[in-house]
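Undergrad: To be precise about what I am sending: the file is called model06.pdb and holds PDB, C-alpha atoms and all ligand atoms.
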ATOM      1  CA  MET A 346      -2.209  75.349  33.868
ATOM      2  CA  ALA A 347       1.142  73.829  34.673
ATOM      3  CA  GLU A 348       2.672  75.834  37.451
ATOM      4  CA  VAL A 349       6.072  76.001  39.020
ATOM      5  CA  ARG A 350       6.396  73.193  41.478
ATOM      6  CA  THR A 351       9.599  73.722  43.326
ATOM      7  CA  PRO A 352       9.711  76.147  46.244
ATOM      8  CA  SER A 353      12.661  78.465  46.110
ATOM      9  CA  THR A 354      14.734  80.922  47.955
ATOM     10  CA  ASN A 355      14.350  84.567  47.103
ATOM     11  CA  PRO A 356      17.529  85.490  45.250
ATOM     12  CA  SER A 357      18.777  89.028  45.323
ATOM     13  CA  SER A 358      21.428  90.861  43.400
ATOM     14  CA  THR A 359      24.043  89.755  45.902
ATOM     15  CA  GLY A 360      22.543  86.701  47.536
ATOM     16  CA  GLU A 361      22.611  82.953  46.917
ATOM     17  CA  ARG A 362      20.576  81.634  44.058
ATOM     18  CA  GLN A 363      18.655  78.435  43.997
ATOM     19  CA  LEU A 364      20.213  75.579  42.078
ATOM     20  CA  GLN A 365      18.150  73.963  39.341
ATOM     21  CA  VAL A 366      14.731  75.605  39.669
ATOM     22  CA  GLU A 367      12.077  73.609  37.820
ATOM     23  CA  PHE A 368      10.170  75.411  35.110
ATOM     24  CA  PRO A 369       6.516  74.819  34.139
ATOM     25  CA  GLU A 370       6.011  72.321  31.328
ATOM     26  CA  ALA A 371       4.476  73.252  27.982
ATOM     27  CA  PRO A 372       2.524  70.828  25.746
ATOM     28  CA  LEU A 373       4.559  68.890  23.163
ATOM     29  CA  THR A 374       2.676  70.520  20.272
ATOM     30  CA  HIS A 375       3.765  73.937  21.507
ATOM     31  CA  LYS A 376       7.375  72.792  21.672
ATOM     32  CA  ILE A 377       7.242  71.520  18.086
ATOM     33  CA  VAL A 378       5.700  74.777  16.793
ATOM     34  CA  MET A 379       8.226  76.817  18.755
ATOM     35  CA  LEU A 380      11.038  74.735  17.320
ATOM     36  CA  GLY A 381       9.915  75.841  13.861
ATOM     37  CA  ILE A 382       9.601  79.503  14.908
ATOM     38  CA  VAL A 383      13.116  79.507  16.398
ATOM     39  CA  PHE A 384      14.972  77.375  13.861
ATOM     40  CA  LEU A 385      13.369  78.269  10.491
ATOM     41  CA  PRO A 386      14.700  81.866  10.625
ATOM     42  CA  PHE A 387      18.037  80.462  11.867
ATOM     43  CA  ILE A 388      18.267  78.070   8.898
ATOM     44  CA  SER A 389      17.232  80.894   6.564
ATOM     45  CA  LEU A 390      20.384  82.721   7.561
ATOM     46  CA  PHE A 391      22.486  79.962   5.991
ATOM     47  CA  VAL A 392      20.275  79.972   2.898
ATOM     48  CA  ALA A 393      20.778  83.750   2.699
ATOM     49  CA  MET A 394      24.552  83.271   2.902
ATOM     50  CA  ALA A 395      24.325  80.722   0.069
ATOM     51  CA  THR A 396      22.363  83.177  -2.103
ATOM     52  CA  LEU A 397      24.963  85.834  -1.376
ATOM     53  CA  TRP A 398      27.595  83.382  -2.646
ATOM     54  CA  GLN A 399      25.521  82.738  -5.766
ATOM     55  CA  TYR A 400      24.330  86.278  -6.575
ATOM     56  CA  GLY A 401      27.207  88.293  -5.151
ATOM     57  CA  MET A 402      24.984  90.960  -3.579
ATOM     58  CA  VAL A 403      21.735  90.979  -1.670
ATOM     59  CA  GLY A 404      20.401  93.742  -3.954
ATOM     60  CA  TRP A 405      18.877  97.080  -3.004
ATOM     61  CA  LEU A 406      15.314  95.779  -3.063
ATOM     62  CA  ASN A 407      15.976  92.953  -0.617
ATOM     63  CA  LEU A 408      18.266  95.086   1.539
ATOM     64  CA  GLY A 409      15.527  97.721   1.702
ATOM     65  CA  LEU A 410      12.879  95.142   2.601
ATOM     66  CA  PHE A 411      15.133  93.738   5.323
ATOM     67  CA  LEU A 412      16.044  97.106   6.879
ATOM     68  CA  SER A 413      12.602  98.719   6.627
ATOM     69  CA  GLY A 414      10.939  95.536   7.880
ATOM     70  CA  TRP A 415      13.304  95.349  10.836
ATOM     71  CA  ALA A 416      12.765  99.046  11.654
ATOM     72  CA  ILE A 417       8.958  99.028  11.534
ATOM     73  CA  THR A 418       8.349  95.664  13.226
ATOM     74  CA  GLY A 419      11.120  96.271  15.785
ATOM     75  CA  ALA A 420       9.512  99.606  16.663
ATOM     76  CA  GLY A 421       6.188  97.764  16.866
ATOM     77  CA  ILE A 422       7.694  95.714  19.684
ATOM     78  CA  THR A 423       9.571  98.475  21.519
ATOM     79  CA  ILE A 424       7.041 101.288  21.156
ATOM     80  CA  GLY A 425       3.856  99.236  20.742
ATOM     81  CA  PHE A 426       4.032  96.030  22.750
ATOM     82  CA  HIS A 427       6.532  97.233  25.350
ATOM     83  CA  ARG A 428       6.257 100.933  26.206
ATOM     84  CA  MET A 429       2.664 101.578  25.079
ATOM     85  CA  LEU A 430       0.823  98.360  26.023
ATOM     86  CA  THR A 431       2.861  96.701  28.787
ATOM     87  CA  HIS A 432       3.953  99.809  30.695
ATOM     88  CA  ARG A 433       1.386 102.375  29.546
ATOM     89  CA  SER A 434       4.124 104.973  29.338
ATOM     90  CA  PHE A 435       2.098 107.218  27.035
ATOM     91  CA  GLU A 436      -1.434 107.584  25.769
ATOM     92  CA  THR A 437      -2.573 107.941  22.199
ATOM     93  CA  TYR A 438      -5.531 107.619  19.843
ATOM     94  CA  PRO A 439      -7.088 104.151  19.344
ATOM     95  CA  TRP A 440      -5.958 104.039  15.698
ATOM     96  CA  VAL A 441      -2.352 104.800  16.677
ATOM     97  CA  ARG A 442      -2.593 102.113  19.354
ATOM     98  CA  MET A 443      -3.861  99.639  16.799
ATOM     99  CA  PHE A 444      -1.178 100.652  14.295
ATOM    100  CA  TRP A 445       1.744 100.044  16.674
ATOM    101  CA  THR A 446       0.158  96.848  17.981
ATOM    102  CA  ALA A 447      -0.253  95.513  14.436
ATOM    103  CA  MET A 448       3.365  96.420  13.613
ATOM    104  CA  GLY A 449       4.454  94.480  16.718
ATOM    105  CA  CYS A 450       2.416  91.463  15.569
ATOM    106  CA  LEU A 451       4.369  91.466  12.300
ATOM    107  CA  SER A 452       7.552  90.626  14.226
ATOM    108  CA  ILE A 453       6.041  87.195  15.060
ATOM    109  CA  GLU A 454       6.940  87.349  18.748
ATOM    110  CA  GLY A 455       3.532  86.094  19.867
ATOM    111  CA  SER A 456       0.172  87.784  20.326
ATOM    112  CA  PRO A 457       0.276  91.179  22.082
ATOM    113  CA  VAL A 458      -1.785  89.972  25.046
ATOM    114  CA  THR A 459       0.524  87.002  25.675
ATOM    115  CA  TRP A 460       3.669  89.074  25.129
ATOM    116  CA  CYS A 461       2.562  91.783  27.576
ATOM    117  CA  ALA A 462       1.374  89.304  30.236
ATOM    118  CA  VAL A 463       4.733  87.525  30.176
ATOM    119  CA  HIS A 464       6.590  90.823  30.340
ATOM    120  CA  ARG A 465       4.594  92.197  33.276
ATOM    121  CA  ARG A 466       5.338  88.965  35.108
ATOM    122  CA  HIS A 467       9.044  89.462  34.319
ATOM    123  CA  HIS A 468       8.941  92.892  35.981
ATOM    124  CA  GLU A 469       6.995  91.599  38.979
ATOM    125  CA  LEU A 470       9.476  88.802  39.720
ATOM    126  CA  SER A 471      12.605  90.032  37.951
ATOM    127  CA  ASP A 472      15.481  87.570  38.522
ATOM    128  CA  GLN A 473      13.497  85.768  41.199
ATOM    129  CA  HIS A 474      11.789  82.418  41.120
ATOM    130  CA  GLY A 475       8.782  82.745  38.774
ATOM    131  CA  ASP A 476      10.494  85.208  36.425
ATOM    132  CA  PRO A 477       9.725  83.707  32.982
ATOM    133  CA  HIS A 478      13.195  84.350  31.578
ATOM    134  CA  SER A 479      15.826  85.148  34.157
ATOM    135  CA  PRO A 480      19.351  83.917  33.320
ATOM    136  CA  HIS A 481      20.120  83.701  37.053
ATOM    137  CA  LEU A 482      18.112  80.691  38.212
ATOM    138  CA  HIS A 483      20.423  77.903  37.100
ATOM    139  CA  GLY A 484      22.993  77.971  39.877
ATOM    140  CA  ASN A 485      26.531  79.265  40.123
ATOM    141  CA  GLY A 486      29.596  78.754  37.952
ATOM    142  CA  LEU A 487      30.397  79.185  34.277
ATOM    143  CA  GLY A 488      28.284  76.219  33.076
ATOM    144  CA  ALA A 489      25.252  77.473  34.987
ATOM    145  CA  MET A 490      25.762  80.983  33.601
ATOM    146  CA  LEU A 491      25.878  79.710  30.007
ATOM    147  CA  GLN A 492      22.828  77.527  30.659
ATOM    148  CA  GLY A 493      21.052  80.547  32.144
ATOM    149  CA  LEU A 494      21.936  82.722  29.150
ATOM    150  CA  TRP A 495      20.556  80.101  26.746
ATOM    151  CA  TYR A 496      17.410  79.712  28.848
ATOM    152  CA  ALA A 497      16.792  83.472  29.071
ATOM    153  CA  HIS A 498      17.492  83.944  25.366
ATOM    154  CA  THR A 499      15.431  81.123  23.859
ATOM    155  CA  GLY A 500      14.907  78.125  26.142
ATOM    156  CA  TRP A 501      12.106  79.722  28.171
ATOM    157  CA  LEU A 502       9.950  79.968  25.032
ATOM    158  CA  PHE A 503       9.501  76.184  25.283
ATOM    159  CA  THR A 504       8.089  76.352  28.851
ATOM    160  CA  GLY A 505       4.619  76.811  30.270
ATOM    161  CA  TYR A 506       5.424  80.449  31.033
ATOM    162  CA  TRP A 507       4.655  81.097  27.382
ATOM    163  CA  THR A 508       1.618  78.816  26.994
ATOM    164  CA  SER A 509      -0.038  79.885  30.284
ATOM    165  CA  PRO A 510       0.544  83.626  30.466
ATOM    166  CA  ARG A 511      -2.196  84.236  33.116
ATOM    167  CA  VAL A 512      -3.739  87.096  31.186
ATOM    168  CA  GLN A 513      -6.557  87.801  33.643
ATOM    169  CA  ARG A 514      -4.030  88.430  36.383
ATOM    170  CA  TYR A 515      -1.404  90.330  34.424
ATOM    171  CA  VAL A 516      -3.227  92.176  31.629
ATOM    172  CA  PRO A 517      -6.913  92.664  32.575
ATOM    173  CA  ASP A 518      -6.733  96.214  31.153
ATOM    174  CA  LEU A 519      -5.652  94.914  27.749
ATOM    175  CA  VAL A 520      -8.262  92.167  27.674
ATOM    176  CA  ALA A 521     -10.919  94.824  28.329
ATOM    177  CA  ASP A 522      -9.752  96.898  25.348
ATOM    178  CA  ARG A 523     -11.955  95.742  22.449
ATOM    179  CA  TRP A 524      -9.913  97.489  19.765
ATOM    180  CA  LEU A 525      -6.722  95.910  20.983
ATOM    181  CA  MET A 526      -8.400  92.517  21.237
ATOM    182  CA  ALA A 527      -9.561  92.889  17.637
ATOM    183  CA  VAL A 528      -5.913  93.153  16.561
ATOM    184  CA  ASP A 529      -4.922  90.351  18.943
ATOM    185  CA  ARG A 530      -7.516  87.919  17.573
ATOM    186  CA  LEU A 531      -6.139  88.470  14.070
ATOM    187  CA  TYR A 532      -2.648  87.458  15.148
ATOM    188  CA  TYR A 533      -2.312  84.591  12.640
ATOM    189  CA  LEU A 534      -3.409  86.912   9.856
ATOM    190  CA  TRP A 535      -0.543  89.250  10.835
ATOM    191  CA  VAL A 536       1.837  86.288  10.616
ATOM    192  CA  VAL A 537       0.657  85.670   7.035
ATOM    193  CA  VAL A 538       1.023  89.397   6.202
ATOM    194  CA  SER A 539       4.509  89.433   7.751
ATOM    195  CA  LEU A 540       5.711  86.783   5.309
ATOM    196  CA  GLY A 541       3.344  87.483   2.420
ATOM    197  CA  LEU A 542       3.894  91.232   2.015
ATOM    198  CA  PRO A 543       7.641  91.128   1.270
ATOM    199  CA  THR A 544       7.025  88.162  -1.064
ATOM    200  CA  LEU A 545       4.379  90.129  -2.959
ATOM    201  CA  ILE A 546       6.566  93.235  -3.170
ATOM    202  CA  GLY A 547       9.443  91.079  -4.440
ATOM    203  CA  TYR A 548       7.246  89.558  -7.123
ATOM    204  CA  LEU A 549       5.759  92.886  -8.230
ATOM    205  CA  ALA A 550       9.197  94.505  -8.380
ATOM    206  CA  THR A 551      10.958  91.726 -10.291
ATOM    207  CA  GLY A 552       8.151  89.835 -12.017
ATOM    208  CA  THR A 553       9.836  86.536 -11.196
ATOM    209  CA  VAL A 554       9.252  83.736  -8.696
ATOM    210  CA  GLU A 555      12.957  83.839  -7.905
ATOM    211  CA  GLY A 556      12.667  87.531  -6.978
ATOM    212  CA  ALA A 557       9.636  86.784  -4.808
ATOM    213  CA  LEU A 558      11.470  84.014  -2.940
ATOM    214  CA  LEU A 559      14.558  86.161  -2.364
ATOM    215  CA  ALA A 560      12.319  88.916  -0.970
ATOM    216  CA  LEU A 561      10.648  86.359   1.324
ATOM    217  CA  LEU A 562      14.075  85.233   2.471
ATOM    218  CA  TRP A 563      15.490  88.684   3.288
ATOM    219  CA  GLY A 564      12.345  90.694   4.049
ATOM    220  CA  GLY A 565      10.711  87.757   5.848
ATOM    221  CA  PHE A 566      12.889  85.141   7.495
ATOM    222  CA  VAL A 567      16.209  86.971   7.904
ATOM    223  CA  ARG A 568      14.381  90.061   9.189
ATOM    224  CA  ILE A 569      12.457  87.897  11.688
ATOM    225  CA  PHE A 570      15.711  86.218  12.791
ATOM    226  CA  VAL A 571      17.331  89.578  13.554
ATOM    227  CA  THR A 572      14.256  91.033  15.298
ATOM    228  CA  HIS A 573      13.823  87.907  17.439
ATOM    229  CA  HIS A 574      17.420  87.705  18.581
ATOM    230  CA  VAL A 575      17.693  91.428  19.285
ATOM    231  CA  THR A 576      14.569  91.237  21.480
ATOM    232  CA  TRP A 577      15.735  88.051  23.206
ATOM    233  CA  SER A 578      19.137  89.637  23.887
ATOM    234  CA  ILE A 579      17.407  92.059  26.242
ATOM    235  CA  ASN A 580      16.278  89.074  28.339
ATOM    236  CA  SER A 581      19.662  87.346  28.274
ATOM    237  CA  ILE A 582      22.547  89.798  27.710
ATOM    238  CA  CYS A 583      20.928  92.779  29.468
ATOM    239  CA  HIS A 584      20.494  90.814  32.700
ATOM    240  CA  VAL A 585      24.166  89.754  32.756
ATOM    241  CA  PHE A 586      26.489  92.119  30.868
ATOM    242  CA  GLY A 587      26.666  95.899  31.301
ATOM    243  CA  GLN A 588      26.465  98.599  33.953
ATOM    244  CA  ARG A 589      24.018  99.160  36.767
ATOM    245  CA  GLU A 590      23.346 102.866  37.173
ATOM    246  CA  TYR A 591      20.211 102.634  39.291
ATOM    247  CA  ASP A 592      18.984 100.442  42.120
ATOM    248  CA  SER A 593      16.396  98.347  40.325
ATOM    249  CA  GLY A 594      16.310  95.452  42.800
ATOM    250  CA  ASP A 595      17.437  92.938  40.175
ATOM    251  CA  GLU A 596      20.326  92.108  37.852
ATOM    252  CA  SER A 597      19.268  94.269  34.905
ATOM    253  CA  ARG A 598      22.074  96.050  33.072
ATOM    254  CA  ASN A 599      22.588  98.965  30.703
ATOM    255  CA  ASN A 600      24.270  97.519  27.620
ATOM    256  CA  VAL A 601      25.523  99.936  24.965
ATOM    257  CA  PHE A 602      25.494  97.346  22.152
ATOM    258  CA  CYS A 603      21.872  96.364  22.834
ATOM    259  CA  GLY A 604      20.973 100.016  23.427
ATOM    260  CA  PHE A 605      21.690 100.790  19.779
ATOM    261  CA  LEU A 606      20.574  97.528  18.178
ATOM    262  CA  ALA A 607      17.306  97.251  20.114
ATOM    263  CA  PHE A 608      16.133 100.822  19.454
ATOM    264  CA  GLY A 609      16.835 101.943  23.042
ATOM    265  CA  GLU A 610      15.689  98.851  24.914
ATOM    266  CA  GLY A 611      19.242  97.950  25.918
ATOM    267  CA  TRP A 612      19.256 100.644  28.620
ATOM    268  CA  HIS A 613      17.603  97.926  30.593
ATOM    269  CA  ASN A 614      18.766  98.836  34.084
ATOM    270  CA  ASN A 615      17.266 102.293  33.586
ATOM    271  CA  HIS A 616      14.075 100.599  32.432
ATOM    272  CA  HIS A 617      13.808  98.244  35.420
ATOM    273  CA  ALA A 618      14.440 101.155  37.798
ATOM    274  CA  PHE A 619      11.757 103.295  36.087
ATOM    275  CA  PRO A 620       9.479 100.832  34.236
ATOM    276  CA  THR A 621       6.801 103.321  33.212
ATOM    277  CA  SER A 622       9.245 105.824  31.712
ATOM    278  CA  ALA A 623       8.691 106.305  27.974
ATOM    279  CA  ARG A 624      12.398 107.119  27.752
ATOM    280  CA  HIS A 625      14.909 104.339  28.509
ATOM    281  CA  GLY A 626      18.112 106.120  27.467
ATOM    282  CA  LEU A 627      18.113 108.608  30.329
ATOM    283  CA  ARG A 628      21.371 110.374  29.458
ATOM    284  CA  TRP A 629      22.044 112.404  26.356
ATOM    285  CA  TRP A 630      24.484 109.809  24.989
ATOM    286  CA  GLN A 631      22.222 106.840  25.680
ATOM    287  CA  PHE A 632      20.665 106.883  22.236
ATOM    288  CA  ASP A 633      17.084 105.673  22.326
ATOM    289  CA  THR A 634      15.414 105.513  18.915
ATOM    290  CA  SER A 635      12.056 104.513  20.368
ATOM    291  CA  TRP A 636      12.071 107.559  22.641
ATOM    292  CA  VAL A 637      12.902 109.837  19.689
ATOM    293  CA  ILE A 638       9.817 108.505  17.886
ATOM    294  CA  ILE A 639       7.562 108.804  20.976
ATOM    295  CA  ARG A 640       8.816 112.371  21.557
ATOM    296  CA  ALA A 641       8.111 113.213  17.903
ATOM    297  CA  MET A 642       4.620 111.731  18.291
ATOM    298  CA  GLU A 643       4.127 113.920  21.370
ATOM    299  CA  LEU A 644       5.265 117.051  19.522
ATOM    300  CA  VAL A 645       2.747 116.510  16.713
ATOM    301  CA  GLY A 646      -0.090 115.625  19.111
ATOM    302  CA  LEU A 647      -0.137 111.860  18.553
ATOM    303  CA  ALA A 648       0.993 111.034  22.120
ATOM    304  CA  TRP A 649       0.176 112.610  25.486
ATOM    305  CA  ASN A 650       0.591 111.907  29.208
ATOM    306  CA  VAL A 651       4.097 110.774  28.341
ATOM    307  CA  LYS A 652       5.672 109.468  31.558
ATOM    308  CA  LEU A 653       9.229 110.363  32.572
ATOM    309  CA  PRO A 654      11.059 110.157  35.914
ATOM    310  CA  ASP A 655      11.841 113.549  37.490
ATOM    311  CA  GLU A 656      15.202 114.511  39.031
ATOM    312  CA  ARG A 657      14.086 113.546  42.525
ATOM    313  CA  MET A 658      13.106 110.048  41.378
ATOM    314  CA  LEU A 659      16.370 109.641  39.475
ATOM    315  CA  ALA A 660      18.452 110.783  42.449
ATOM    316  CA  ALA A 661      16.647 108.440  44.848
ATOM    317  CA  LYS A 662      17.710 105.345  42.883
ATOM    318  CA  ARG A 663      21.071 106.459  41.484
ATOM    319  CA  LEU A 664      23.846 104.078  42.594
ATOM    320  CA  VAL A 665      26.721 106.471  41.858
ATOM    321  CA  PRO A 666      26.096 110.170  42.564
ATOM    322  CA  LEU A 667      26.465 112.290  39.435
ATOM    323  CA  ALA A 668      29.041 114.503  41.144
ATOM    324  CA  GLN A 669      31.460 111.534  41.254
ATOM    325  CA  GLU A 670      31.184 110.896  37.544
ATOM    326  CA  SER A 671      32.592 112.550  34.502
ATOM    327  CA  GLY A 672      30.360 112.882  31.491
ATOM    328  CA  ALA A 673      27.211 113.282  33.542
ATOM    329  CA  ARG A 674      24.293 114.479  31.514
TER     330      ARG A 674
HETATM  331 ZN    ZN A 701      14.408  92.642  32.222
HETATM  332 ZN    ZN A 702       9.522  96.325  30.476
END
As structure tokens, how would this structure be written, given the file I've shared?
TA:
Amino acid sequence: MAEVRTPSTNPSSTGERQLQVEFPEAPLTHKIVMLGIVFLPFISLFVAMATLWQYGMVGWLNLGLFLSGWAITGAGITIGFHRMLTHRSFETYPWVRMFWTAMGCLSIEGSPVTWCAVHRRHHELSDQHGDPHSPHLHGNGLGAMLQGLWYAHTGWLFTGYWTSPRVQRYVPDLVADRWLMAVDRLYYLWVVVSLGLPTLIGYLATGTVEGALLALLWGGFVRIFVTHHVTWSINSICHVFGQREYDSGDESRNNVFCGFLAFGEGWHNNHHAFPTSARHGLRWWQFDTSWVIIRAMELVGLAWNVKLPDERMLAAKRLVPLAQESGAR
């Protein structure tokens, strides 16, 4: 595999960062495919605006397909790929595991094994050289910060970090799970389902090709655009903008905006400080939709061994003692 070639310093939250780190190269074919995955949903947004102009309203059917699709596939990423598979923050039955993994596949963010390998590497090297998507490895100054934000948001998808995820090193437990691998091997089928299901529903509901295409647009491409950019915002925005409540050893931030939009994933500093916690919004006002669902699963017996940090662990990493704050939980 192509590997990082340039030696680097070891940046810290306060220290100097290396200028212009080189990133591993990906094959040209990957870059072309990725271009389509990034820009087709982007272009669809303009098409959607044009249809709004033409039809006046998106319509309840398409709005419902968009919102329900975003909710279920977004939860597939946050609950399935992230908290369940990558961090093993709770245990569940194999069929529940397969369900959430399949829902994550429908978001078209890559196969679960690749996604989890990349994310474990991110935690291992967060904001240091070798982190697949840190916004902090491009040097200092405004230009470097903007370049870093772009890289962390989307640019890194075109590098060898994505094409060579080193699965045997980072996710040997997932590779050994035959049920999970069964879902993983069907990844391209999930991609077809992700686009085909809303199209089919649109056709059955309206009986017209026009209705089917509008459903594909809103329930497929626009939904994928929103899910992608919300997820990618955690890599970019949540490592630059927001508050640090805990000593996580990196630049991760709690960002209220992303906290709500990304179903709780925006409480990213909390998450980096306590990666295995099933709950990312650690205060009562840090709303965490994914945690609400995991807690509900626990209450009905669909999740167990749910991991949470205790008070001693929280206190050990807290940057500002609770007694000095107002509004402490
Ligand atoms: Zn992070
Ligand atoms: Zn994580």
Undergrad: What separation in Å, quoted to one decimal, exists between atom CA of Trp636 of chain A and atom CA of Met526 of chain A?
TA: 25.4 Å
Undergrad: Using 5 Å of padding on each side, determine the axis-aligned box around all atoms of segment 625-638 of chain A present in the file and give its centre and edge lengths in Å to one decimal, as AutoDock Vina command-line options.
TA:
--center_x 17.2 --center_y 108.4 --center_z 24.1 --size_x 24.7 --size_y 18.1 --size_z 22.4
Undergrad: Have a look at A:Ala416, A:Val585, A:Ala661, A:Ile579 and name the one nearest to ligand ZN 701 (chain A); count all atoms listed in the file.
TA: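 So, comparing all the options, the nearest one is A:Ile579.
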Undergrad: Rank nothing, just name the residue among A:Arg663, A:His483, A:His468, A:His625 nearest to ligand ZN 701 (chain A), using only C-alpha atoms and all ligand atoms.
TA: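 Ranking A:Arg663, A:His483, A:His468, A:His625 by distance to ligand ZN 701 (chain A), first place goes to A:His468.
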Undergrad: Using only C-alpha atoms and all ligand atoms, can you tell me which of A:Ala393, A:Leu412, A:Ala462, A:Ile417 comes closest to ligand ZN 702 (chain A)?
TA: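 Of A:Ala393, A:Leu412, A:Ala462, A:Ile417, the one nearest ligand ZN 702 (chain A), counting only C-alpha atoms and all ligand atoms, is A:Ala462.
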Undergrad: Specify as a list of chain:residue names each residue included when the PyMOL selection byres (((chain A and resi 620) around 10) and not hetatm) is applied to this file.
TA: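 So the PyMOL selection byres (((chain A and resi 620) around 10) and not hetatm) ends up selecting A:Arg428, A:Thr431, A:His432, A:Arg433, A:Ser434, A:Arg465, A:His468, A:Ser593, A:His613, A:Asn614, A:Asn615, A:His616, A:His617, A:Ala618, A:Phe619, A:Thr621, A:Ser622, A:Ala623, A:Arg624, A:His625, A:Lys652, A:Leu653, A:Pro654.
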Undergrad: Counting only C-alpha atoms, find residues at most 12 Å from (6.1, 112.7, 23.5) (file frame) and give them as a PyMOL selection string.
TA: chain A and resi 424+429+434-437+622-624+635-653
Undergrad: Write a file of the selected residues as an mmCIF file, in the frame of the given file, keeping C-alpha atoms.
TA:
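Done, and the output landed in result-v2.cif:
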data_model
loop_
_atom_site.group_PDB
_atom_site.id
_atom_site.type_symbol
_atom_site.label_atom_id
_atom_site.label_comp_id
_atom_site.auth_asym_id
_atom_site.auth_seq_id
_atom_site.Cartn_x
_atom_site.Cartn_y
_atom_site.Cartn_z
ATOM 1 C CA ILE A 424 7.041 101.288 21.156
ATOM 2 C CA MET A 429 2.664 101.578 25.079
ATOM 3 C CA SER A 434 4.124 104.973 29.338
ATOM 4 C CA PHE A 435 2.098 107.218 27.035
ATOM 5 C CA GLU A 436 -1.434 107.584 25.769
ATOM 6 C CA THR A 437 -2.573 107.941 22.199
ATOM 7 C CA SER A 622 9.245 105.824 31.712
ATOM 8 C CA ALA A 623 8.691 106.305 27.974
ATOM 9 C CA ARG A 624 12.398 107.119 27.752
ATOM 10 C CA SER A 635 12.056 104.513 20.368
ATOM 11 C CA TRP A 636 12.071 107.559 22.641
ATOM 12 C CA VAL A 637 12.902 109.837 19.689
ATOM 13 C CA ILE A 638 9.817 108.505 17.886
ATOM 14 C CA ILE A 639 7.562 108.804 20.976
ATOM 15 C CA ARG A 640 8.816 112.371 21.557
ATOM 16 C CA ALA A 641 8.111 113.213 17.903
ATOM 17 C CA MET A 642 4.620 111.731 18.291
ATOM 18 C CA GLU A 643 4.127 113.920 21.370
ATOM 19 C CA LEU A 644 5.265 117.051 19.522
ATOM 20 C CA VAL A 645 2.747 116.510 16.713
ATOM 21 C CA GLY A 646 -0.090 115.625 19.111
ATOM 22 C CA LEU A 647 -0.137 111.860 18.553
ATOM 23 C CA ALA A 648 0.993 111.034 22.120
ATOM 24 C CA TRP A 649 0.176 112.610 25.486
ATOM 25 C CA ASN A 650 0.591 111.907 29.208
ATOM 26 C CA VAL A 651 4.097 110.774 28.341
ATOM 27 C CA LYS A 652 5.672 109.468 31.558
ATOM 28 C CA LEU A 653 9.229 110.363 32.572
#
Undergrad: Running the PyMOL selection byres (((chain A and resi 567-574) around 8) and not hetatm) on this model by hand, what would come out? Give it as a short mmCIF file (atom, residue, chain, number, x, y, z; two decimals) with C-alpha atoms, keeping the file's coordinate frame.
TA:
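That gives us part.cif:
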data_model
loop_
_atom_site.label_atom_id
_atom_site.label_comp_id
_atom_site.auth_asym_id
_atom_site.auth_seq_id
_atom_site.Cartn_x
_atom_site.Cartn_y
_atom_site.Cartn_z
CA PRO A 386 14.70 81.87 10.62
CA PHE A 387 18.04 80.46 11.87
CA SER A 389 17.23 80.89 6.56
CA LEU A 390 20.38 82.72 7.56
CA ALA A 393 20.78 83.75 2.70
CA PHE A 411 15.13 93.74 5.32
CA LEU A 412 16.04 97.11 6.88
CA GLY A 414 10.94 95.54 7.88
CA TRP A 415 13.30 95.35 10.84
CA THR A 418 8.35 95.66 13.23
CA GLY A 419 11.12 96.27 15.78
CA SER A 452 7.55 90.63 14.23
CA ILE A 453 6.04 87.20 15.06
CA GLU A 454 6.94 87.35 18.75
CA HIS A 498 17.49 83.94 25.37
CA LEU A 562 14.08 85.23 2.47
CA TRP A 563 15.49 88.68 3.29
CA GLY A 564 12.34 90.69 4.05
CA GLY A 565 10.71 87.76 5.85
CA PHE A 566 12.89 85.14 7.50
CA VAL A 575 17.69 91.43 19.28
CA THR A 576 14.57 91.24 21.48
CA TRP A 577 15.74 88.05 23.21
CA SER A 578 19.14 89.64 23.89
#
Undergrad: To one decimal place, how far is atom CA of Gly500 of chain A from atom CA of His584 of chain A in Å?
TA: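 Spanning atom CA of Gly500 of chain A to atom CA of His584 of chain A is a straight-line distance of 15.3 Å.
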Undergrad: From the list A:His464, A:Gly449, A:Gly425, A:Asp592, which residue is nearest Met658 of chain A when using only C-alpha atoms?
TA: A:Asp592
Undergrad: Between atom CA of Leu397 of chain A and atom CA of Ser539 of chain A, what is the distance in Å, rounded to a tenth?
TA: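 Distance reported for this atom pair: 22.7 Å.
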Undergrad: Take the PyMOL selection byres (((chain A and resi 470) around 12) and not hetatm), apply it to the structure above, and return the hits as a list of chain:residue names.
TA: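 Selection result, ordered by chain and number: A:Asn355, A:Pro356, A:Ser357, A:Val463, A:His464, A:Arg465, A:Arg466, A:His467, A:His468, A:Glu469, A:Ser471, A:Asp472, A:Gln473, A:His474, A:Gly475, A:Asp476, A:Pro477, A:His478, A:Ser479, A:Leu482, A:Ser593, A:Gly594, A:Asp595, A:Glu596, A:His617.
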Undergrad: Excluding segment 543-551 of chain A and residues on its chain fewer than 3 positions from it, collect all residues at most 8 Å away from it, counting only C-alpha atoms, and give them as JSON, numbers by chain.
TA: {"A": [406, 407, 410, 539, 540, 554, 556, 557, 558, 559, 560, 561, 564, 565]}
Undergrad: Rank A:His427, A:Tyr438, A:Ala521, A:Thr634 by their smallest atom-to-atom distance to ligand ZN 701 (chain A), using all atoms listed in the file, and report the top residue only.
TA: A:His427
Undergrad: Give the answer as one residue: which of A:Arg598, A:Lys376, A:Arg442, A:Arg523 has the shortest atom-to-atom distance to ligand ZN 701 (chain A), using all atoms listed in the file?
TA: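 Between A:Arg598, A:Lys376, A:Arg442, A:Arg523, the residue approaching ligand ZN 701 (chain A) most closely is A:Arg598.
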